[in-house]
$ cat run.tsv   # TSV, C-alpha atoms and all ligand atoms
chain	number	residue	atom	x	y	z
R	22	MET	CA	25.92	-0.59	-7.07
R	23	ALA	CA	23.56	2.28	-7.89
R	24	TYR	CA	21.00	1.78	-10.64
R	25	GLU	CA	18.73	4.24	-12.42
R	26	THR	CA	15.65	2.11	-12.96
R	27	VAL	CA	15.96	-0.34	-10.09
R	28	LEU	CA	16.06	0.20	-6.32
R	29	VAL	CA	17.68	-2.30	-3.96
R	30	ASP	CA	17.10	-2.26	-0.24
R	31	ILE	CA	18.49	-4.89	2.14
R	32	GLU	CA	17.04	-5.30	5.60
R	33	GLU	CA	17.62	-8.24	7.92
R	34	ALA	CA	18.64	-10.82	5.34
R	35	VAL	CA	15.81	-9.88	2.96
R	36	ALA	CA	16.45	-7.78	-0.14
R	37	VAL	CA	13.68	-5.82	-1.82
R	38	VAL	CA	14.26	-5.09	-5.50
R	39	THR	CA	11.88	-2.46	-6.87
R	40	ILE	CA	11.49	-1.77	-10.57
R	41	ASN	CA	11.38	2.00	-10.63
R	42	ARG	CA	9.74	3.36	-13.78
R	43	PRO	CA	6.30	4.06	-12.35
R	44	LYS	CA	5.32	6.62	-15.02
R	45	GLN	CA	5.77	3.93	-17.67
R	46	LEU	CA	4.06	1.38	-15.43
R	47	ASN	CA	7.46	-0.25	-14.85
R	48	ALA	CA	7.65	-1.48	-18.45
R	49	LEU	CA	10.89	-3.37	-19.07
R	50	ASN	CA	13.28	-1.59	-21.43
R	51	SER	CA	16.84	-2.74	-22.17
R	52	GLN	CA	18.29	-0.66	-19.37
R	53	THR	CA	15.88	-2.07	-16.78
R	54	LEU	CA	16.46	-5.65	-17.95
R	55	THR	CA	20.23	-5.11	-17.71
R	56	GLU	CA	20.05	-3.45	-14.30
R	57	LEU	CA	17.68	-6.07	-12.91
R	58	ASN	CA	20.00	-8.81	-14.05
R	59	GLU	CA	22.99	-7.05	-12.48
R	60	ALA	CA	21.13	-6.44	-9.22
R	61	MET	CA	20.01	-10.07	-9.02
R	62	THR	CA	23.54	-11.29	-9.77
R	63	GLU	CA	24.96	-9.06	-7.04
R	64	LEU	CA	22.36	-10.21	-4.50
R	65	GLY	CA	22.94	-13.83	-5.51
R	66	ALA	CA	26.59	-13.45	-4.50
R	67	ASN	CA	25.71	-11.84	-1.15
R	68	SER	CA	25.59	-14.63	1.42
R	69	GLU	CA	23.86	-12.34	3.92
R	70	VAL	CA	20.80	-12.13	1.67
R	71	ARG	CA	18.56	-15.13	2.18
R	72	ALA	CA	15.44	-14.12	0.28
R	73	ILE	CA	14.66	-11.54	-2.40
R	74	ILE	CA	11.36	-9.73	-2.94
R	75	LEU	CA	10.71	-8.31	-6.40
R	76	THR	CA	8.07	-5.60	-6.78
R	77	GLY	CA	7.13	-2.52	-8.81
R	78	ALA	CA	7.25	1.15	-7.81
R	79	GLY	CA	3.99	3.06	-7.50
R	80	GLU	CA	0.51	1.76	-6.95
R	81	ARG	CA	-0.42	0.84	-10.49
R	82	ALA	CA	1.98	-1.75	-11.83
R	83	PHE	CA	4.36	-4.56	-11.10
R	84	ILE	CA	5.49	-4.65	-14.75
R	85	ALA	CA	3.15	-3.66	-17.63
R	86	GLY	CA	5.24	-5.78	-19.99
R	87	ALA	CA	8.23	-5.27	-22.17
R	88	ASP	CA	8.61	-1.64	-23.24
R	89	ILE	CA	6.49	-1.50	-26.40
R	90	LYS	CA	7.81	1.95	-27.36
R	91	GLU	CA	11.40	0.70	-27.29
R	92	MET	CA	10.55	-2.60	-28.97
R	93	ALA	CA	8.55	-1.06	-31.81
R	94	GLY	CA	11.57	0.21	-33.74
R	95	LYS	CA	13.89	-2.73	-33.27
R	96	SER	CA	15.65	-4.51	-36.12
R	97	PRO	CA	15.76	-8.34	-36.02
R	98	ARG	CA	19.26	-8.14	-34.60
R	99	GLU	CA	18.22	-5.68	-31.88
R	100	GLY	CA	15.15	-7.79	-31.18
R	101	ARG	CA	17.39	-10.78	-30.64
R	102	ARG	CA	19.58	-8.83	-28.20
R	103	PHE	CA	16.45	-7.70	-26.34
R	104	ALA	CA	15.17	-11.28	-26.14
R	105	GLU	CA	18.54	-12.42	-24.81
R	106	LEU	CA	18.41	-9.77	-22.07
R	107	GLY	CA	14.94	-10.91	-21.00
R	108	LEU	CA	15.74	-14.60	-21.11
R	109	ALA	CA	18.98	-14.02	-19.17
R	110	LEU	CA	17.07	-12.23	-16.41
R	111	LEU	CA	14.56	-15.06	-16.03
R	112	GLU	CA	17.31	-17.67	-16.01
R	113	ARG	CA	19.16	-15.63	-13.39
R	114	ILE	CA	16.07	-15.52	-11.15
R	115	GLU	CA	15.55	-19.25	-11.51
R	116	SER	CA	19.20	-20.12	-10.88
R	117	LEU	CA	19.77	-17.91	-7.81
R	118	ASP	CA	20.34	-19.85	-4.60
R	119	GLN	CA	17.93	-17.57	-2.75
R	120	PRO	CA	14.18	-17.76	-3.36
R	121	VAL	CA	12.66	-14.81	-5.22
R	122	LEU	CA	9.20	-13.75	-4.06
R	123	ALA	CA	7.17	-11.61	-6.46
R	124	ALA	CA	4.97	-8.98	-4.80
R	125	ILE	CA	2.55	-8.10	-7.59
R	126	ASN	CA	1.19	-4.66	-6.73
R	127	GLY	CA	-0.71	-3.93	-9.97
R	128	PHE	CA	-0.51	-4.78	-13.67
R	129	ALA	CA	1.64	-7.81	-14.47
R	130	LEU	CA	1.15	-8.04	-18.22
R	131	GLY	CA	3.14	-9.79	-20.92
R	132	GLY	CA	6.74	-9.80	-19.73
R	133	GLY	CA	5.35	-8.93	-16.27
R	134	THR	CA	3.47	-12.20	-15.97
R	135	GLU	CA	6.50	-13.97	-17.45
R	136	VAL	CA	8.81	-12.51	-14.78
R	137	ALA	CA	6.32	-13.63	-12.13
R	138	LEU	CA	6.37	-17.13	-13.66
R	139	ALA	CA	10.14	-17.31	-13.13
R	140	CYS	CA	9.85	-16.31	-9.46
R	141	ASP	CA	9.61	-18.96	-6.77
R	142	LEU	CA	6.55	-17.60	-4.97
R	143	VAL	CA	3.99	-15.09	-6.22
R	144	TYR	CA	1.82	-12.90	-3.98
R	145	ALA	CA	-0.58	-10.31	-5.34
R	146	SER	CA	-2.62	-7.37	-4.20
R	147	ASN	CA	-6.32	-7.77	-4.93
R	148	ARG	CA	-5.89	-4.96	-7.49
R	149	ALA	CA	-3.28	-6.89	-9.48
R	150	ARG	CA	-4.06	-7.91	-13.06
R	151	PHE	CA	-2.23	-10.65	-14.91
R	152	GLY	CA	-2.25	-11.50	-18.60
R	153	GLN	CA	-0.39	-12.30	-21.79
R	154	PRO	CA	-1.73	-9.62	-24.16
R	155	GLU	CA	0.98	-10.13	-26.80
R	156	VAL	CA	-1.52	-11.36	-29.43
R	157	ASN	CA	-3.01	-7.83	-29.33
R	158	LEU	CA	0.37	-6.60	-30.62
R	159	GLY	CA	0.70	-9.28	-33.29
R	160	ILE	CA	3.32	-11.26	-31.38
R	161	ILE	CA	3.38	-14.15	-28.92
R	162	PRO	CA	4.93	-14.24	-25.44
R	163	GLY	CA	8.71	-14.22	-25.88
R	164	PHE	CA	10.08	-14.43	-22.36
R	165	GLY	CA	8.98	-18.02	-21.85
R	166	GLY	CA	5.21	-17.50	-21.40
R	167	THR	CA	4.16	-20.17	-23.90
R	168	GLN	CA	6.29	-22.67	-22.01
R	169	ARG	CA	6.18	-21.78	-18.31
R	170	LEU	CA	2.50	-20.80	-18.10
R	171	PRO	CA	1.01	-24.07	-19.51
R	172	ARG	CA	3.46	-26.07	-17.42
R	173	LEU	CA	2.25	-24.28	-14.29
R	174	VAL	CA	-1.51	-23.91	-14.88
R	175	GLY	CA	-2.23	-26.64	-17.46
R	176	ARG	CA	-2.31	-26.58	-21.23
R	177	ASN	CA	-5.89	-25.45	-21.81
R	178	ILE	CA	-5.97	-22.68	-19.24
R	179	GLY	CA	-2.59	-21.52	-20.51
R	180	LYS	CA	-3.90	-21.44	-24.07
R	181	GLU	CA	-7.01	-19.53	-23.01
R	182	VAL	CA	-4.86	-16.85	-21.33
R	183	ILE	CA	-2.50	-16.57	-24.32
R	184	PHE	CA	-5.09	-16.87	-27.14
R	185	THR	CA	-7.55	-14.33	-25.68
R	186	GLY	CA	-4.97	-11.87	-24.32
R	187	GLU	CA	-7.50	-10.99	-21.63
R	188	MET	CA	-6.57	-9.83	-18.16
R	189	LEU	CA	-7.04	-12.09	-15.16
R	190	SER	CA	-7.94	-10.83	-11.71
R	191	ALA	CA	-5.64	-11.69	-8.82
R	192	GLU	CA	-8.28	-14.06	-7.49
R	193	ARG	CA	-8.53	-15.90	-10.82
R	194	ALA	CA	-4.74	-16.08	-10.95
R	195	ARG	CA	-4.82	-17.68	-7.51
R	196	GLU	CA	-7.50	-20.17	-8.60
R	197	ILE	CA	-5.40	-21.39	-11.51
R	198	GLY	CA	-2.25	-21.71	-9.40
R	199	LEU	CA	-0.33	-18.75	-10.74
R	200	VAL	CA	-0.50	-16.92	-7.42
R	201	ASN	CA	0.20	-18.22	-3.90
R	202	GLY	CA	-1.84	-15.64	-2.02
R	203	VAL	CA	-3.89	-12.46	-2.48
R	204	PHE	CA	-3.90	-9.55	-0.02
R	205	ALA	CA	-5.29	-6.04	0.34
R	206	PRO	CA	-2.89	-3.59	-1.37
R	207	GLU	CA	-1.80	-1.99	1.90
R	208	GLU	CA	-1.00	-5.42	3.39
R	209	LEU	CA	0.85	-6.93	0.45
R	210	MET	CA	4.44	-5.98	1.32
R	211	GLU	CA	4.05	-6.76	5.00
R	212	GLN	CA	2.66	-10.21	4.21
R	213	VAL	CA	5.37	-10.98	1.66
R	214	ARG	CA	8.03	-9.80	4.10
R	215	LYS	CA	6.61	-12.24	6.66
R	216	VAL	CA	6.98	-15.16	4.26
R	217	ALA	CA	10.47	-13.98	3.31
R	218	ALA	CA	11.46	-13.73	6.99
R	219	VAL	CA	10.30	-17.30	7.63
R	220	ILE	CA	12.37	-18.53	4.68
R	221	ALA	CA	15.35	-16.43	5.78
R	222	SER	CA	15.31	-18.13	9.18
R	223	LYS	CA	15.87	-21.59	7.65
R	224	GLY	CA	19.13	-23.15	6.53
R	225	PRO	CA	20.19	-21.34	3.32
R	226	LEU	CA	21.85	-24.45	1.90
R	227	ALA	CA	18.66	-26.44	2.41
R	228	ILE	CA	16.47	-23.74	0.86
R	229	SER	CA	18.79	-23.48	-2.11
R	230	ALA	CA	18.94	-27.26	-2.56
R	231	ALA	CA	15.15	-27.48	-2.40
R	232	LYS	CA	14.76	-24.69	-4.98
R	233	HIS	CA	17.21	-26.29	-7.41
R	234	ALA	CA	15.78	-29.80	-6.90
R	235	ILE	CA	12.29	-28.53	-7.69
R	236	ASN	CA	13.29	-26.29	-10.61
R	237	ARG	CA	15.52	-28.90	-12.22
R	238	GLY	CA	13.34	-31.90	-11.51
R	239	VAL	CA	9.82	-30.67	-12.10
R	240	ASP	CA	9.82	-31.12	-15.89
R	241	LEU	CA	11.71	-34.42	-15.85
R	242	PRO	CA	10.30	-37.93	-15.51
R	243	LEU	CA	9.74	-38.73	-11.82
R	244	ALA	CA	12.65	-41.18	-11.66
R	245	SER	CA	15.08	-38.54	-12.95
R	246	GLY	CA	13.68	-35.94	-10.55
R	247	LEU	CA	14.12	-38.35	-7.65
R	248	GLU	CA	17.75	-38.88	-8.66
R	249	ILE	CA	18.27	-35.11	-8.50
R	250	GLU	CA	16.62	-34.99	-5.09
R	251	LYS	CA	18.80	-37.85	-3.84
R	252	GLY	CA	21.98	-36.05	-4.92
R	253	MET	CA	20.86	-32.77	-3.34
R	254	PHE	CA	19.79	-34.52	-0.14
R	255	ALA	CA	23.09	-36.35	0.21
R	256	GLY	CA	25.04	-33.18	-0.57
R	257	LEU	CA	23.69	-31.46	2.54
R	258	PHE	CA	25.09	-34.06	4.92
R	259	GLY	CA	28.30	-32.98	6.57
R	260	SER	CA	27.42	-29.30	6.16
R	261	ARG	CA	27.62	-27.14	9.25
R	262	ASP	CA	23.93	-26.30	8.84
R	263	GLN	CA	22.91	-29.97	8.80
R	264	ASN	CA	24.95	-30.63	11.97
R	265	GLU	CA	23.55	-27.52	13.62
R	266	GLY	CA	19.93	-28.23	12.61
R	267	MET	CA	19.99	-31.75	13.97
R	268	ALA	CA	21.98	-30.83	17.10
R	269	ALA	CA	19.51	-28.02	17.84
R	270	PHE	CA	16.60	-30.47	17.57
R	271	VAL	CA	18.26	-32.91	19.97
R	272	GLU	CA	19.20	-30.11	22.38
R	273	LYS	CA	15.70	-28.60	22.14
R	274	ARG	CA	16.91	-25.17	21.03
R	275	LYS	CA	16.51	-22.97	17.96
R	276	ALA	CA	19.02	-23.67	15.21
R	277	GLU	CA	21.43	-20.92	14.17
R	278	PHE	CA	22.08	-21.47	10.48
R	279	THR	CA	25.05	-19.85	8.75
R	280	GLY	CA	24.82	-21.26	5.24
R	281	GLU	CA	28.01	-23.33	5.59
V	301	LIG	N1	5.50	-0.39	-22.76
V	301	LIG	C1	5.77	0.94	-22.80
V	301	LIG	N2	5.03	1.86	-22.18
V	301	LIG	C2	3.96	1.42	-21.47
V	301	LIG	C3	3.62	0.05	-21.40
V	301	LIG	C4	4.45	-0.89	-22.08
V	301	LIG	N3	4.26	-2.20	-22.04
V	301	LIG	N4	2.50	-0.06	-20.67
V	301	LIG	C5	2.17	1.18	-20.28
V	301	LIG	N5	3.05	2.08	-20.77
V	301	LIG	C6	3.05	3.53	-20.60
V	301	LIG	C7	1.98	4.18	-21.46
V	301	LIG	O1	2.44	4.34	-22.78
V	301	LIG	C8	1.81	5.50	-20.74
V	301	LIG	O2	2.89	6.33	-21.05
V	301	LIG	P1	2.67	7.87	-21.49
V	301	LIG	O3	1.78	7.84	-22.68
V	301	LIG	O4	2.03	8.51	-20.29
V	301	LIG	O5	4.08	8.37	-21.75
V	301	LIG	C9	1.94	5.11	-19.27
V	301	LIG	O6	2.67	3.87	-19.28
V	301	LIG	C10	0.61	4.86	-18.58
V	301	LIG	O7	-0.12	3.91	-19.34
V	301	LIG	P2	-1.61	4.17	-19.89
V	301	LIG	O8	-1.82	5.62	-20.12
V	301	LIG	O9	-1.83	3.25	-21.06
V	301	LIG	O10	-2.46	3.73	-18.65
V	301	LIG	P3	-3.93	3.09	-18.65
V	301	LIG	O11	-4.35	3.06	-17.25
V	301	LIG	O12	-4.80	3.77	-19.65
V	301	LIG	O13	-3.72	1.57	-19.17
V	301	LIG	C11	-2.63	-0.58	-19.27
V	301	LIG	C12	-2.94	0.69	-18.40
V	301	LIG	C13	-1.63	-1.44	-18.51
V	301	LIG	C14	-3.93	-1.36	-19.50
V	301	LIG	C15	-2.06	-0.10	-20.63
V	301	LIG	O14	-0.96	0.77	-20.39
V	301	LIG	C16	-1.58	-1.23	-21.48
V	301	LIG	O15	-2.34	-1.95	-22.12
V	301	LIG	N6	-0.24	-1.39	-21.55
V	301	LIG	C17	0.38	-2.35	-22.42
V	301	LIG	C18	0.26	-3.71	-21.81
V	301	LIG	C19	0.82	-4.76	-22.73
V	301	LIG	O16	0.39	-4.94	-23.86
V	301	LIG	N7	1.81	-5.42	-22.21
V	301	LIG	C20	2.50	-6.46	-22.95
V	301	LIG	C21	3.65	-5.83	-23.63
V	301	LIG	S1	4.35	-6.96	-24.76
V	301	LIG	C22	10.47	-10.54	-26.64
V	301	LIG	C23	10.17	-11.20	-25.49
V	301	LIG	C24	9.15	-10.76	-24.70
V	301	LIG	C25	8.42	-9.68	-25.05
V	301	LIG	C26	8.72	-9.03	-26.19
V	301	LIG	C27	9.77	-9.46	-26.97
V	301	LIG	N8	11.52	-11.04	-27.48
V	301	LIG	C28	11.79	-12.44	-27.45
V	301	LIG	C29	12.11	-10.16	-28.40
V	301	LIG	C30	7.35	-9.27	-24.24
V	301	LIG	C31	6.39	-8.54	-24.74
V	301	LIG	C32	5.46	-7.82	-23.89
V	301	LIG	O17	5.52	-7.82	-22.69
$ encode --input "run.tsv" --output "structure tokens"
Amino acid sequence: MAYETVLVDIEEAVAVVTINRPKQLNALNSQTLTELNEAMTELGANSEVRAIILTGAGERAFIAGADIKEMAGKSPREGRRFAELGLALLERIESLDQPVLAAINGFALGGGTEVALACDLVYASNRARFGQPEVNLGIIPGFGGTQRLPRLVGRNIGKEVIFTGEMLSAERAREIGLVNGVFAPEELMEQVRKVAAVIASKGPLAISAAKHAINRGVDLPLASGLEIEKGMFAGLFGSRDQNEGMAAFVEKRKAEFTGE
């Protein structure tokens, strides 16, 4: 499907989704949230796509937050609808079978950091800037930032980021565990594509099971998380990919996974 604010490009099992409002620093308005959700849903149903990279158009921003100009005039009812769009997108990213890799090419502020928090892996250019500046606008993070950020980086660091509203460098974001790796701007996409290609070469059922086991289990008591893992582990046995992966090991050849 063609979108106005989102570009989708599929190459060798890896899809690149680009938020395309560079003049507005890729701020998320209702249309972009809707189109992103639709694009992710479509890619989720495409069994040929094994990893998704999410990035921003232009050199300045990944996402400079929710669109403040659009949000400013909203009624409570419209605000609720907007919140639902944002929350639905993040839930979609987290529930996709394929991993979503964020390539943070510039500002990732407010909703931008929150989108990154919902992605499975986060890579940044050394020019990227993260932050939750909502307190500057008299609001708090509303796309899950008060919940996902402290769970990922710890309560006190999370509070510092949210209470001060200050921007974090890519390096600081890496130190606190928000970012997996930092690269020169011109290398970012190539490096993220490399990681995506490695993931795309593995068994899709196994990657999906690992993603869901981690996402569903990580906030549960260990015993409950282990139960989830056990169920996911057992569920892979008897799949064509499990047979193929183990046969390939025994036969000393490279496995050809099909996702069945
Ligand atoms: N929204 C709308 N437009 C934005 C924008 C944003 N978040 N960020 C930048 N822009 C626009 C600017 O208005 C400007 O447009 P024009 O004036 O040229 O038309 C253009 O992008 C270039 O920006 P600047 O001229 O400001 O560029 P600078 O280099 O001077 O500054 C900056 C770059 C990123 C430091 C600055 O633009 C900035 O501070 N932007 C705002 C960052 C921010 O506060 N982000 C957080 C937004 S709040 C909710 C759930 C979640 C949320 C809300 C509700 N519900 C549950 C209802 C989330 C909220 C947020 O994300």
$ residues_around --input "run.tsv" --residues "Gly107 (chain R)" --least-positions-apart "3" --cutoff "10 Å" --atoms "all atoms listed in the file" --output "list in words"
Leu49, Asn50, Ser51, Thr53, Leu54, Thr55, Leu57, Asn58, Ala87, Arg101, Arg102, Phe103, Ala104, Leu110, Leu111, Glu112, Arg113, Gly132, Glu135, Val136, Gly163, Phe164 and Gly165 of chain R
$ write_last_selection --input "run.tsv" --atoms "C-alpha atoms" --output "mmCIF file, keeping the file's coordinate frame"
data_model
loop_
_atom_site.group_PDB
_atom_site.id
_atom_site.type_symbol
_atom_site.label_atom_id
_atom_site.label_comp_id
_atom_site.auth_asym_id
_atom_site.auth_seq_id
_atom_site.Cartn_x
_atom_site.Cartn_y
_atom_site.Cartn_z
ATOM 1 C CA LEU R 49 10.890 -3.370 -19.070
ATOM 2 C CA ASN R 50 13.280 -1.590 -21.430
ATOM 3 C CA SER R 51 16.840 -2.740 -22.170
ATOM 4 C CA THR R 53 15.880 -2.070 -16.780
ATOM 5 C CA LEU R 54 16.460 -5.650 -17.950
ATOM 6 C CA THR R 55 20.230 -5.110 -17.710
ATOM 7 C CA LEU R 57 17.680 -6.070 -12.910
ATOM 8 C CA ASN R 58 20.000 -8.810 -14.050
ATOM 9 C CA ALA R 87 8.230 -5.270 -22.170
ATOM 10 C CA ARG R 101 17.390 -10.780 -30.640
ATOM 11 C CA ARG R 102 19.580 -8.830 -28.200
ATOM 12 C CA PHE R 103 16.450 -7.700 -26.340
ATOM 13 C CA ALA R 104 15.170 -11.280 -26.140
ATOM 14 C CA LEU R 110 17.070 -12.230 -16.410
ATOM 15 C CA LEU R 111 14.560 -15.060 -16.030
ATOM 16 C CA GLU R 112 17.310 -17.670 -16.010
ATOM 17 C CA ARG R 113 19.160 -15.630 -13.390
ATOM 18 C CA GLY R 132 6.740 -9.800 -19.730
ATOM 19 C CA GLU R 135 6.500 -13.970 -17.450
ATOM 20 C CA VAL R 136 8.810 -12.510 -14.780
ATOM 21 C CA GLY R 163 8.710 -14.220 -25.880
ATOM 22 C CA PHE R 164 10.080 -14.430 -22.360
ATOM 23 C CA GLY R 165 8.980 -18.020 -21.850
#
$ residues_near_ligand --input "run.tsv" --ligand "ligand LIG 301 (chain V)" --cutoff "9 Å" --atoms "only C-alpha atoms and all ligand atoms" --output "ChimeraX atom specification"
/R:42-50,81-82,84-92,97,99-108,127-135,150,152-158,160-166,186,188
$ closest_residue --input "run.tsv" --among "R:Ala60, R:Ile125, R:Ile31, R:Ile235" --to "Met253 (chain R)" --atoms "all atoms listed in the file"
R:Ile235
$ residues_around --input "run.tsv" --residues "region 139-143 of chain R" --least-positions-apart "3" --cutoff "6 Å" --atoms "all atoms listed in the file" --output "MDAnalysis selection string"
chainID R and resid 111 115 120:123 136 200:201
$ write_last_selection --input "run.tsv" --atoms "C-alpha atoms" --output "short mmCIF file (atom, residue, chain, number, x, y, z; two decimals), in the frame of the given file"
data_model
loop_
_atom_site.label_atom_id
_atom_site.label_comp_id
_atom_site.auth_asym_id
_atom_site.auth_seq_id
_atom_site.Cartn_x
_atom_site.Cartn_y
_atom_site.Cartn_z
CA LEU R 111 14.56 -15.06 -16.03
CA GLU R 115 15.55 -19.25 -11.51
CA PRO R 120 14.18 -17.76 -3.36
CA VAL R 121 12.66 -14.81 -5.22
CA LEU R 122 9.20 -13.75 -4.06
CA ALA R 123 7.17 -11.61 -6.46
CA VAL R 136 8.81 -12.51 -14.78
CA VAL R 200 -0.50 -16.92 -7.42
CA ASN R 201 0.20 -18.22 -3.90
#
$ closest_residue --input "run.tsv" --among "R:Asn41, R:Thr26, R:Gln168, R:Gln212" --to "Ala124 (chain R)" --atoms "all atoms listed in the file"
R:Gln212
$ atom_distance --input "run.tsv" --atom1 "CA of Asp240 (chain R)" --atom2 "CA of Asn177 (chain R)"
17.7 Å
$ decode --input "run.tsv" --residues "region 234-246 of chain R" --atoms "N, CA, C and O atoms" --output "mmCIF file, in the first residue's frame"
data_model
loop_
_atom_site.group_PDB
_atom_site.id
_atom_site.type_symbol
_atom_site.label_atom_id
_atom_site.label_comp_id
_atom_site.auth_asym_id
_atom_site.auth_seq_id
_atom_site.Cartn_x
_atom_site.Cartn_y
_atom_site.Cartn_z
ATOM 1 N N ALA R 234 8.898 -14.585 24.009
ATOM 2 C CA ALA R 234 9.251 -15.087 25.349
ATOM 3 C C ALA R 234 9.871 -13.958 26.173
ATOM 4 O O ALA R 234 9.537 -13.775 27.354
ATOM 5 N N ILE R 235 10.751 -13.187 25.548
ATOM 6 C CA ILE R 235 11.403 -12.090 26.279
ATOM 7 C C ILE R 235 10.377 -11.002 26.606
ATOM 8 O O ILE R 235 10.263 -10.571 27.760
ATOM 9 N N ASN R 236 9.627 -10.560 25.606
ATOM 10 C CA ASN R 236 8.682 -9.453 25.845
ATOM 11 C C ASN R 236 7.615 -9.820 26.867
ATOM 12 O O ASN R 236 7.233 -8.998 27.699
ATOM 13 N N ARG R 237 7.127 -11.063 26.794
ATOM 14 C CA ARG R 237 6.059 -11.437 27.726
ATOM 15 C C ARG R 237 6.600 -11.795 29.093
ATOM 16 O O ARG R 237 5.936 -11.597 30.115
ATOM 17 N N GLY R 238 7.815 -12.307 29.129
ATOM 18 C CA GLY R 238 8.325 -12.813 30.405
ATOM 19 C C GLY R 238 9.103 -11.806 31.226
ATOM 20 O O GLY R 238 9.217 -11.951 32.446
ATOM 21 N N VAL R 239 9.609 -10.760 30.597
ATOM 22 C CA VAL R 239 10.623 -9.939 31.269
ATOM 23 C C VAL R 239 10.081 -9.213 32.509
ATOM 24 O O VAL R 239 10.821 -8.982 33.465
ATOM 25 N N ASP R 240 8.801 -8.886 32.523
ATOM 26 C CA ASP R 240 8.249 -8.175 33.680
ATOM 27 C C ASP R 240 7.552 -9.112 34.667
ATOM 28 O O ASP R 240 6.969 -8.656 35.647
ATOM 29 N N LEU R 241 7.626 -10.397 34.408
ATOM 30 C CA LEU R 241 6.961 -11.363 35.296
ATOM 31 C C LEU R 241 7.968 -11.918 36.300
ATOM 32 O O LEU R 241 9.181 -11.836 36.087
ATOM 33 N N PRO R 242 7.489 -12.529 37.383
ATOM 34 C CA PRO R 242 8.420 -13.258 38.252
ATOM 35 C C PRO R 242 9.154 -14.326 37.431
ATOM 36 O O PRO R 242 8.579 -14.851 36.462
ATOM 37 N N LEU R 243 10.391 -14.632 37.821
ATOM 38 C CA LEU R 243 11.224 -15.551 37.030
ATOM 39 C C LEU R 243 10.495 -16.864 36.740
ATOM 40 O O LEU R 243 10.521 -17.360 35.603
ATOM 41 N N ALA R 244 9.819 -17.425 37.755
ATOM 42 C CA ALA R 244 9.174 -18.729 37.549
ATOM 43 C C ALA R 244 8.124 -18.640 36.439
ATOM 44 O O ALA R 244 8.002 -19.557 35.616
ATOM 45 N N SER R 245 7.384 -17.542 36.385
ATOM 46 C CA SER R 245 6.362 -17.397 35.342
ATOM 47 C C SER R 245 7.029 -17.214 33.984
ATOM 48 O O SER R 245 6.562 -17.758 32.971
ATOM 49 N N GLY R 246 8.119 -16.445 33.952
ATOM 50 C CA GLY R 246 8.847 -16.256 32.696
ATOM 51 C C GLY R 246 9.402 -17.581 32.187
ATOM 52 O O GLY R 246 9.362 -17.865 30.978
#
